[in-house]
Amino acid sequence: MIRSMTEPITGGTTPLKPLAATAWGLLLVVLDLRIGDLDLVPDPVGWLVVLLAVGSLSSLNRAFSVAAAASVLGLVASVPDWVAPGQTLVAMATAVAETVLVFATCTGIMSLAPDRRAGANAIRWWDLALSVALLPVLALAAADPAFGVPAVLLGIAALVVLICFLVLLFRTAGQTGKTIRNGP
């Protein structure tokens with residue numbers, strides 16, 4: 001029987017500590033500490049931490065495999081961004097990677113930590129909606145400065161959702177999740 005990505009799994013428990021590493025890695029990605037063009041905390045390092053963390057959870061739920069694939073995209077896209085920041089296509093690839101990472105990780109959390117289901121579901125949908133809405137507004141703001149205010153407001157909302165996601169990761173990392181029991 002194939003189980004849906006959000007269906008709660010019954011059985012034993014497993015620690016969800018890698019979610020804290022996922023949060024730390026994502027913080028390394030979103031916090032740009034630059035001196036001129038030199039990034040003191042290279043984004044590829046953050047994406048590698050995220051990849052290793054969600055990859056370690058991939059055997060628990062296939063949503064974490066999707067999150068790992070998104071991390072690979074983020075890792076690959078972050079290398080040219082580290083060397084020559086500001087490229088539009090690279091920034092879009094990174095934004096897609098972050099959105100898929102958030103959605104997939106929240107989906108996995110919904111399955112493994114049912115008490116976090118409502119919060120994870122709200123975060124994944126808000127993040128997706130804001131990411132989709134922000135793209136055309138940023139394009140319009142580049143063409144017409146009148147769209148700058150809506151772009152900033154959407155950006156602030158997206159930042160709030162990202163902070164909620166990080167809090168969810170840290171809180172969920174402190175508990176055990178349901179897993180499939182290997183024996184009778």
# chains A, B, ... in the order shown; residues from 1 in each chain; ligands from 1
>>> residues_around(residues="Val72 (chain A)", least_positions_apart="4", cutoff="7 Å", atoms="only C-alpha atoms", output="list of chain:residue names")
A:Leu51, A:Ala68, A:Val76
>>> residues_around(residues="Val161 (chain A)", least_positions_apart="5", cutoff="8 Å", atoms="only C-alpha atoms", output="ChimeraX atom specification")
/A:123,126-127
>>> write_last_selection(atoms="N, CA, C and O atoms", output="compact mmCIF listing (two decimals), in the first residue's frame")
# COMPACT_ATOMS: atom_id res chain seq x y z
N ILE A 123 1.67 27.24 7.33
CA ILE A 123 2.95 27.78 6.87
C ILE A 123 3.23 27.40 5.43
O ILE A 123 3.64 28.25 4.63
N TRP A 126 0.84 29.46 3.10
CA TRP A 126 1.16 30.89 3.11
C TRP A 126 2.46 31.14 2.37
O TRP A 126 2.58 32.10 1.60
N ASP A 127 3.45 30.29 2.60
CA ASP A 127 4.73 30.46 1.92
C ASP A 127 4.56 30.33 0.41
O ASP A 127 5.09 31.14 -0.36
>>> residues_around(residues="Ser56 (chain A)", least_positions_apart="4", cutoff="10 Å", atoms="only C-alpha atoms", output="JSON, numbers by chain")
{"A": [16, 18, 19, 50, 51, 52, 60, 64, 65, 68]}
>>> select_by_dssp(residues="chain A", states="alpha helix (DSSP H)", output="PyMOL selection string")
chain A and resi 18-30+43-57+62-83+88-112+117-143+148-173
>>> residues_around(residues="region 147-158 of chain A", least_positions_apart="2", cutoff="12 Å", atoms="only C-alpha atoms", output="PDB file with N, CA, C and O atoms, in the first residue's frame")
ATOM      1  N   ALA A  95      14.884  30.843  -5.069  1.00  0.00           N
ATOM      2  CA  ALA A  95      13.544  31.088  -4.511  1.00  0.00           C
ATOM      3  C   ALA A  95      12.644  29.866  -4.684  1.00  0.00           C
ATOM      4  O   ALA A  95      11.907  29.497  -3.764  1.00  0.00           O
ATOM      5  N   GLU A  98      13.768  27.239  -2.149  1.00  0.00           N
ATOM      6  CA  GLU A  98      13.303  27.550  -0.791  1.00  0.00           C
ATOM      7  C   GLU A  98      11.821  27.245  -0.631  1.00  0.00           C
ATOM      8  O   GLU A  98      11.403  26.694   0.389  1.00  0.00           O
ATOM      9  N   THR A  99      11.028  27.594  -1.631  1.00  0.00           N
ATOM     10  CA  THR A  99       9.582  27.353  -1.554  1.00  0.00           C
ATOM     11  C   THR A  99       9.283  25.861  -1.519  1.00  0.00           C
ATOM     12  O   THR A  99       8.466  25.404  -0.702  1.00  0.00           O
ATOM     13  N   VAL A 102      10.306  24.445   1.915  1.00  0.00           N
ATOM     14  CA  VAL A 102       9.344  24.752   2.971  1.00  0.00           C
ATOM     15  C   VAL A 102       8.101  23.878   2.822  1.00  0.00           C
ATOM     16  O   VAL A 102       7.641  23.266   3.793  1.00  0.00           O
ATOM     17  N   ILE A 123       1.672  27.236   7.326  1.00  0.00           N
ATOM     18  CA  ILE A 123       2.954  27.785   6.872  1.00  0.00           C
ATOM     19  C   ILE A 123       3.230  27.403   5.426  1.00  0.00           C
ATOM     20  O   ILE A 123       3.640  28.251   4.625  1.00  0.00           O
ATOM     21  N   ARG A 124       3.004  26.146   5.069  1.00  0.00           N
ATOM     22  CA  ARG A 124       3.337  25.733   3.703  1.00  0.00           C
ATOM     23  C   ARG A 124       2.490  26.464   2.679  1.00  0.00           C
ATOM     24  O   ARG A 124       2.981  26.860   1.622  1.00  0.00           O
ATOM     25  N   TRP A 125       1.200  26.661   2.977  1.00  0.00           N
ATOM     26  CA  TRP A 125       0.329  27.334   2.005  1.00  0.00           C
ATOM     27  C   TRP A 125       0.579  28.831   1.964  1.00  0.00           C
ATOM     28  O   TRP A 125       0.556  29.450   0.897  1.00  0.00           O
ATOM     29  N   TRP A 126       0.837  29.464   3.104  1.00  0.00           N
ATOM     30  CA  TRP A 126       1.165  30.888   3.114  1.00  0.00           C
ATOM     31  C   TRP A 126       2.464  31.143   2.370  1.00  0.00           C
ATOM     32  O   TRP A 126       2.581  32.098   1.601  1.00  0.00           O
ATOM     33  N   ASP A 127       3.449  30.294   2.597  1.00  0.00           N
ATOM     34  CA  ASP A 127       4.732  30.462   1.918  1.00  0.00           C
ATOM     35  C   ASP A 127       4.561  30.334   0.409  1.00  0.00           C
ATOM     36  O   ASP A 127       5.092  31.140  -0.355  1.00  0.00           O
ATOM     37  N   LEU A 128       3.825  29.329  -0.026  1.00  0.00           N
ATOM     38  CA  LEU A 128       3.609  29.132  -1.460  1.00  0.00           C
ATOM     39  C   LEU A 128       2.862  30.324  -2.059  1.00  0.00           C
ATOM     40  O   LEU A 128       3.259  30.857  -3.102  1.00  0.00           O
ATOM     41  N   ALA A 129       1.789  30.764  -1.419  1.00  0.00           N
ATOM     42  CA  ALA A 129       0.992  31.884  -1.933  1.00  0.00           C
ATOM     43  C   ALA A 129       1.824  33.165  -2.020  1.00  0.00           C
ATOM     44  O   ALA A 129       1.773  33.884  -3.030  1.00  0.00           O
ATOM     45  N   LEU A 130       2.600  33.439  -0.980  1.00  0.00           N
ATOM     46  CA  LEU A 130       3.414  34.656  -0.988  1.00  0.00           C
ATOM     47  C   LEU A 130       4.527  34.579  -2.028  1.00  0.00           C
ATOM     48  O   LEU A 130       4.845  35.580  -2.678  1.00  0.00           O
ATOM     49  N   SER A 131       5.097  33.408  -2.204  1.00  0.00           N
ATOM     50  CA  SER A 131       6.144  33.242  -3.216  1.00  0.00           C
ATOM     51  C   SER A 131       5.586  33.471  -4.615  1.00  0.00           C
ATOM     52  O   SER A 131       6.216  34.147  -5.441  1.00  0.00           O
ATOM     53  N   VAL A 132       4.406  32.926  -4.877  1.00  0.00           N
ATOM     54  CA  VAL A 132       3.777  33.100  -6.191  1.00  0.00           C
ATOM     55  C   VAL A 132       3.366  34.557  -6.399  1.00  0.00           C
ATOM     56  O   VAL A 132       3.527  35.111  -7.485  1.00  0.00           O
ATOM     57  N   ALA A 133       2.850  35.204  -5.365  1.00  0.00           N
ATOM     58  CA  ALA A 133       2.411  36.596  -5.478  1.00  0.00           C
ATOM     59  C   ALA A 133       3.591  37.554  -5.604  1.00  0.00           C
ATOM     60  O   ALA A 133       3.503  38.575  -6.299  1.00  0.00           O
ATOM     61  N   LEU A 134       4.693  37.237  -4.947  1.00  0.00           N
ATOM     62  CA  LEU A 134       5.830  38.146  -4.923  1.00  0.00           C
ATOM     63  C   LEU A 134       6.521  38.255  -6.279  1.00  0.00           C
ATOM     64  O   LEU A 134       6.996  39.330  -6.648  1.00  0.00           O
ATOM     65  N   LEU A 135       6.543  37.187  -7.027  1.00  0.00           N
ATOM     66  CA  LEU A 135       7.255  37.177  -8.307  1.00  0.00           C
ATOM     67  C   LEU A 135       6.739  38.244  -9.276  1.00  0.00           C
ATOM     68  O   LEU A 135       7.523  39.077  -9.740  1.00  0.00           O
ATOM     69  N   PRO A 136       5.438  38.285  -9.597  1.00  0.00           N
ATOM     70  CA  PRO A 136       4.981  39.323 -10.531  1.00  0.00           C
ATOM     71  C   PRO A 136       5.069  40.734  -9.939  1.00  0.00           C
ATOM     72  O   PRO A 136       5.329  41.698 -10.660  1.00  0.00           O
ATOM     73  N   VAL A 137       4.867  40.849  -8.637  1.00  0.00           N
ATOM     74  CA  VAL A 137       4.944  42.177  -8.017  1.00  0.00           C
ATOM     75  C   VAL A 137       6.371  42.712  -8.085  1.00  0.00           C
ATOM     76  O   VAL A 137       6.591  43.899  -8.337  1.00  0.00           O
ATOM     77  N   LEU A 138       7.363  41.854  -7.894  1.00  0.00           N
ATOM     78  CA  LEU A 138       8.757  42.293  -8.031  1.00  0.00           C
ATOM     79  C   LEU A 138       9.063  42.701  -9.467  1.00  0.00           C
ATOM     80  O   LEU A 138       9.768  43.689  -9.703  1.00  0.00           O
ATOM     81  N   ALA A 139       8.523  41.949 -10.435  1.00  0.00           N
ATOM     82  CA  ALA A 139       8.726  42.306 -11.845  1.00  0.00           C
ATOM     83  C   ALA A 139       8.074  43.656 -12.149  1.00  0.00           C
ATOM     84  O   ALA A 139       8.664  44.493 -12.848  1.00  0.00           O
ATOM     85  N   LEU A 140       6.877  43.870 -11.624  1.00  0.00           N
ATOM     86  CA  LEU A 140       6.201  45.151 -11.827  1.00  0.00           C
ATOM     87  C   LEU A 140       6.954  46.280 -11.131  1.00  0.00           C
ATOM     88  O   LEU A 140       7.056  47.387 -11.666  1.00  0.00           O
ATOM     89  N   ALA A 141       7.485  46.027  -9.943  1.00  0.00           N
ATOM     90  CA  ALA A 141       8.231  47.053  -9.206  1.00  0.00           C
ATOM     91  C   ALA A 141       9.513  47.448  -9.939  1.00  0.00           C
ATOM     92  O   ALA A 141       9.944  48.600  -9.863  1.00  0.00           O
ATOM     93  N   ALA A 142      10.108  46.488 -10.649  1.00  0.00           N
ATOM     94  CA  ALA A 142      11.309  46.806 -11.430  1.00  0.00           C
ATOM     95  C   ALA A 142      10.972  47.748 -12.583  1.00  0.00           C
ATOM     96  O   ALA A 142      11.779  48.601 -12.956  1.00  0.00           O
ATOM     97  N   ALA A 143       9.761  47.606 -13.114  1.00  0.00           N
ATOM     98  CA  ALA A 143       9.337  48.449 -14.231  1.00  0.00           C
ATOM     99  C   ALA A 143       8.703  49.763 -13.774  1.00  0.00           C
ATOM    100  O   ALA A 143       8.822  50.784 -14.445  1.00  0.00           O
ATOM    101  N   ASP A 144       8.021  49.733 -12.643  1.00  0.00           N
ATOM    102  CA  ASP A 144       7.306  50.915 -12.146  1.00  0.00           C
ATOM    103  C   ASP A 144       7.494  51.016 -10.633  1.00  0.00           C
ATOM    104  O   ASP A 144       6.999  50.173  -9.885  1.00  0.00           O
ATOM    105  N   PRO A 145       8.183  52.049 -10.181  1.00  0.00           N
ATOM    106  CA  PRO A 145       8.445  52.200  -8.741  1.00  0.00           C
ATOM    107  C   PRO A 145       7.178  52.271  -7.878  1.00  0.00           C
ATOM    108  O   PRO A 145       7.259  52.051  -6.669  1.00  0.00           O
ATOM    109  N   VAL A 160       7.982  37.020   7.672  1.00  0.00           N
ATOM    110  CA  VAL A 160       7.255  36.550   8.860  1.00  0.00           C
ATOM    111  C   VAL A 160       6.956  35.057   8.740  1.00  0.00           C
ATOM    112  O   VAL A 160       7.136  34.294   9.698  1.00  0.00           O
ATOM    113  N   VAL A 161       6.531  34.620   7.560  1.00  0.00           N
ATOM    114  CA  VAL A 161       6.248  33.197   7.352  1.00  0.00           C
ATOM    115  C   VAL A 161       7.525  32.377   7.482  1.00  0.00           C
ATOM    116  O   VAL A 161       7.514  31.296   8.080  1.00  0.00           O
ATOM    117  N   LEU A 162       8.639  32.887   6.968  1.00  0.00           N
ATOM    118  CA  LEU A 162       9.917  32.180   7.107  1.00  0.00           C
ATOM    119  C   LEU A 162      10.302  32.048   8.573  1.00  0.00           C
ATOM    120  O   LEU A 162      10.753  30.980   9.013  1.00  0.00           O
ATOM    121  N   ILE A 163      10.108  33.099   9.345  1.00  0.00           N
ATOM    122  CA  ILE A 163      10.400  33.033  10.782  1.00  0.00           C
ATOM    123  C   ILE A 163       9.506  31.993  11.455  1.00  0.00           C
ATOM    124  O   ILE A 163       9.982  31.203  12.280  1.00  0.00           O
ATOM    125  N   CYS A 164       8.233  31.954  11.083  1.00  0.00           N
ATOM    126  CA  CYS A 164       7.321  30.934  11.633  1.00  0.00           C
ATOM    127  C   CYS A 164       7.801  29.538  11.265  1.00  0.00           C
ATOM    128  O   CYS A 164       7.737  28.613  12.089  1.00  0.00           O
ATOM    129  N   PHE A 165       8.299  29.369  10.045  1.00  0.00           N
ATOM    130  CA  PHE A 165       8.822  28.081   9.609  1.00  0.00           C
ATOM    131  C   PHE A 165      10.028  27.676  10.446  1.00  0.00           C
ATOM    132  O   PHE A 165      10.134  26.525  10.897  1.00  0.00           O
TER     133      PHE A 165
END
>>> closest_residue(among="A:Val30, A:Val90, A:Leu38, A:Leu169", to="Ala53 (chain A)", atoms="only C-alpha atoms")
A:Leu169
>>> closest_residue(among="A:Thr107, A:Val66, A:Pro44, A:Leu57", to="Val79 (chain A)", atoms="only C-alpha atoms")
A:Pro44
>>> closest_residue(among="A:Val29, A:Ala91, A:Ala21, A:Leu112", to="Ala63 (chain A)", atoms="only C-alpha atoms")
A:Leu112
>>> closest_residue(among="A:Ala173, A:Leu33, A:Ala113, A:Met92", to="Asn61 (chain A)", atoms="only C-alpha atoms")
A:Ala113
>>> atom_distance(atom1="CA of Thr94 (chain A)", atom2="CA of Ser111 (chain A)")
25.8 Å
>>> closest_residue(among="A:Ala146, A:Ala118, A:Leu166, A:Met110", to="Gly25 (chain A)", atoms="only C-alpha atoms")
A:Leu166
>>> closest_residue(among="A:Leu168, A:Leu31, A:Leu101, A:Ala67", to="Gly119 (chain A)", atoms="only C-alpha atoms")
A:Leu168
>>> atom_distance(atom1="CA of Lys17 (chain A)", atom2="CA of Thr176 (chain A)")
8.3 Å
>>> atom_distance(atom1="CA of Trp24 (chain A)", atom2="CA of Arg62 (chain A)")
21.8 Å
